[in-house]
Amino acid sequence: MHSVASRSLKVFTTTLTAGLLAMGTPVLAAAAPPQGAQCANHQAPPPAVDTSEKPAPGRVAPAPLPVPQAPVGGPRLAECGLITPNGALNPPEGNTAASWVVQDLDTGAVIAAKDPHARQRPASLIKTLLALVVVTQLKPEQVLVATKEDAEQECTCVGIVAGGSYTVDQLLHGLLMHSGNDVAHAFATALGGVDATVTKMNALAARIGALDTRAATPSGLDGPGMSTSAYDLSLIFHYAMKQPEFAKTVATKDFEIPPVGGKPAIPVYNDNKLLGVYPGFLGGKTGFTDDARHTYVGAAQQKGKRLAVVMLRAEQKPTKVVDQAGKLLDYGFALEADHAEPVGRITYQSPAATPESGEPTILPDGSTATNSGTSTAAAAKDDPFGVTGWIITLVVFLIIVGAFVVGHQRKKAEGN
């Protein structure tokens with residue numbers, strides 16, 4: 001009888017787990033070992049080479065962000081160095097990035113990586129996070145008036161003028177296509193100031209699960225405590241490409257901001273050199289500071305597959321960073337064609353209650369739900385019985401089956 005009960009319990013547990021997974025319900029996994037304590041820069045980026053991260057008088061530099069006990073995205077992503085599918089060839093030589101990730105933008109699979117959770121600096125790639133705050137809190141047609149402080153930021157700059165009126169959409173093109181620091185400050189002004197905007201950026205990063213990331217400035221200029229990882233920027237870009245306004249903007253090759261205040265129109269050209277050159281390129285973002293070195297994110301679509309690459313702390317020699325990125329995309333598409341087993345997965349935080357601010361809740365697949373309950377209603381339409389109802393039904397069914405099996409074995413034993 002004991003063996004029958006044990007087998008029944010095992011069947012029950014296995015079937016229940018399979019049923020929960022089939023319905024997309026999270027199932028707790030065994031804890032993974034601590035994330036790569038032996039890896040370089042697993043707690044903080046390398047030391048700064050200049051004074052850009054020196055705290056302002058009266059302030060202290062923030063402590064490094066906590067390292068998650070379990071590696072976000074899967075156990076292999078805690079590894080140092082190259083992380084490739086079993087049996088796969090190594091990526092092309094000549095890649096200078098200290099950390100990189102190649103991901104499938106549709107499935108969220110991490111196809112290959114190098115030291116993905118090492119803490120690095122984002123440079124202007126942090127503008128993707130700022131853009132996400134912008135598209136969730138400001139309307140495209142909303143008009144912003146640039147201040148003198150906005151117009152006098154440390155460049156790279158688009159060239160907005162103090163007192164000039166610009167729409168959010170126009171400024172978003174300047175932010176993502178030409179990486180305008182003046183535009184980044186204008187958005188920060190509109191969002192309540194630099195400190196408030198950085199707080200919003202960090203809150204969004206934490207909410208979607210970018211746990212290696214802390215913005216110190218809206219623009220990506222280095223500051224005390226600035227931190228990210230190739231994995232985090234892959235997650236942020238994965239989420240950003242789900243936002244139509246963001247995806248449209250990074251795919252724009254040239255744009256013109258109309259003349260204002262007697263000043264001529266501002267032509268804006270996309271500084272991502274793979275756009276229009278690499279087959280199926282969808283857009284991305286570039287960045288550079290002395291401390292971060294060269295940073296890059298870009299995506300392309302080929303044969304129905306959309307892949308993206310993030311590179312951090314790269315150098316322009318022996319080949320340009322964009323060319324290195326193109327080769328990584330080639331490598332990713334080759335692995336996809338071979339149906340290589342992913343080494344990890346982009347993992348969002350579980351959804352939480354929609355905040356009172358009206359910002360959308362981030363769902364596990366990167367989609368959002370708003371206060372209107374649109375996404376919830378859609379889910380109810382797809383599954384009117386609800387996940388909880390199906391779980392209860394499955395449990396009751398399996399209990400009945402288990403009781404039947406035990407009863408049958410008992411009668412069989414009595415007959416013998």
# chains A, B, ... in the order shown; residues from 1 in each chain; ligands from 1

call {"tool": "closest_atom_pairs", "arguments": {"of": "range 100-174 of chain A", "to": "range 314-323 of chain A", "cutoff": "12 Å", "atoms": "only C-alpha atoms", "output": "tab-separated table"}}
result
residue	atom	partner	partner_atom	distance
A:Trp100	CA	A:Ala314	CA	9.4
A:Gln120	CA	A:Ala314	CA	10.9
A:Arg121	CA	A:Ala314	CA	11.2
A:Pro122	CA	A:Ala314	CA	11.2
A:Ala123	CA	A:Ala314	CA	11.7

call {"tool": "select_by_dssp", "arguments": {"residues": "range 134-238 of chain A", "states": "helix (DSSP H, G or I)", "output": "ChimeraX atom specification"}}
result
/A:134-137,148-151,168-177,181-190,194-208,230-238

call {"tool": "select_by_dssp", "arguments": {"residues": "range 59-108 of chain A", "states": "strand (DSSP E)", "output": "PyMOL selection string"}}
result
chain A and resi 82-83+99-104

call {"tool": "closest_atom_pairs", "arguments": {"of": "range 218-267 of chain A", "to": "range 335-350 of chain A", "cutoff": "8 Å", "atoms": "only C-alpha atoms", "output": "tab-separated table"}}
result
residue	atom	partner	partner_atom	distance
A:Tyr231	CA	A:Ile346	CA	7.9
A:Ser234	CA	A:Ile346	CA	7.7
A:Leu235	CA	A:Ile346	CA	5.9

call {"tool": "closest_atom_pairs", "arguments": {"of": "range 38-124 of chain A", "to": "range 195-219 of chain A", "cutoff": "12 Å", "atoms": "only C-alpha atoms", "output": "JSON lines"}}
result
{"residue": "A:Asn41", "atom": "CA", "partner": "A:Asp212", "partner_atom": "CA", "distance": 11.1}
{"residue": "A:His42", "atom": "CA", "partner": "A:Asp212", "partner_atom": "CA", "distance": 9.3}
{"residue": "A:Gln43", "atom": "CA", "partner": "A:Asp212", "partner_atom": "CA", "distance": 8.6}
{"residue": "A:Ala44", "atom": "CA", "partner": "A:Asp212", "partner_atom": "CA", "distance": 9.0}
{"residue": "A:Pro45", "atom": "CA", "partner": "A:Asp212", "partner_atom": "CA", "distance": 10.4}
{"residue": "A:Ser52", "atom": "CA", "partner": "A:Ala216", "partner_atom": "CA", "distance": 10.9}
{"residue": "A:Glu53", "atom": "CA", "partner": "A:Ala216", "partner_atom": "CA", "distance": 9.2}
{"residue": "A:Lys54", "atom": "CA", "partner": "A:Ala216", "partner_atom": "CA", "distance": 11.7}
{"residue": "A:Pro55", "atom": "CA", "partner": "A:Ala216", "partner_atom": "CA", "distance": 10.7}
{"residue": "A:Ala61", "atom": "CA", "partner": "A:Ala216", "partner_atom": "CA", "distance": 10.5}
{"residue": "A:Pro62", "atom": "CA", "partner": "A:Ala216", "partner_atom": "CA", "distance": 10.0}
{"residue": "A:Ala63", "atom": "CA", "partner": "A:Arg214", "partner_atom": "CA", "distance": 10.9}
{"residue": "A:Pro64", "atom": "CA", "partner": "A:Asp212", "partner_atom": "CA", "distance": 9.3}
{"residue": "A:Leu65", "atom": "CA", "partner": "A:Asp212", "partner_atom": "CA", "distance": 6.7}
{"residue": "A:Pro66", "atom": "CA", "partner": "A:Asp212", "partner_atom": "CA", "distance": 8.1}
{"residue": "A:Val67", "atom": "CA", "partner": "A:Asp212", "partner_atom": "CA", "distance": 7.5}
{"residue": "A:Pro68", "atom": "CA", "partner": "A:Leu211", "partner_atom": "CA", "distance": 7.7}
{"residue": "A:Gln69", "atom": "CA", "partner": "A:Leu211", "partner_atom": "CA", "distance": 11.4}
{"residue": "A:Ala70", "atom": "CA", "partner": "A:Leu211", "partner_atom": "CA", "distance": 11.5}
{"residue": "A:Pro71", "atom": "CA", "partner": "A:Leu211", "partner_atom": "CA", "distance": 10.3}
{"residue": "A:Val72", "atom": "CA", "partner": "A:Gly209", "partner_atom": "CA", "distance": 8.2}
{"residue": "A:Gly73", "atom": "CA", "partner": "A:Gly209", "partner_atom": "CA", "distance": 9.8}
{"residue": "A:Pro116", "atom": "CA", "partner": "A:Asp212", "partner_atom": "CA", "distance": 10.3}
{"residue": "A:His117", "atom": "CA", "partner": "A:Asp212", "partner_atom": "CA", "distance": 7.2}
{"residue": "A:Ala118", "atom": "CA", "partner": "A:Asp212", "partner_atom": "CA", "distance": 8.4}
{"residue": "A:Arg119", "atom": "CA", "partner": "A:Asp212", "partner_atom": "CA", "distance": 6.6}
{"residue": "A:Gln120", "atom": "CA", "partner": "A:Asp212", "partner_atom": "CA", "distance": 8.9}
{"residue": "A:Arg121", "atom": "CA", "partner": "A:Thr213", "partner_atom": "CA", "distance": 9.0}
{"residue": "A:Pro122", "atom": "CA", "partner": "A:Ala215", "partner_atom": "CA", "distance": 8.7}
{"residue": "A:Ala123", "atom": "CA", "partner": "A:Ser219", "partner_atom": "CA", "distance": 7.7}
{"residue": "A:Ser124", "atom": "CA", "partner": "A:Ser219", "partner_atom": "CA", "distance": 6.0}
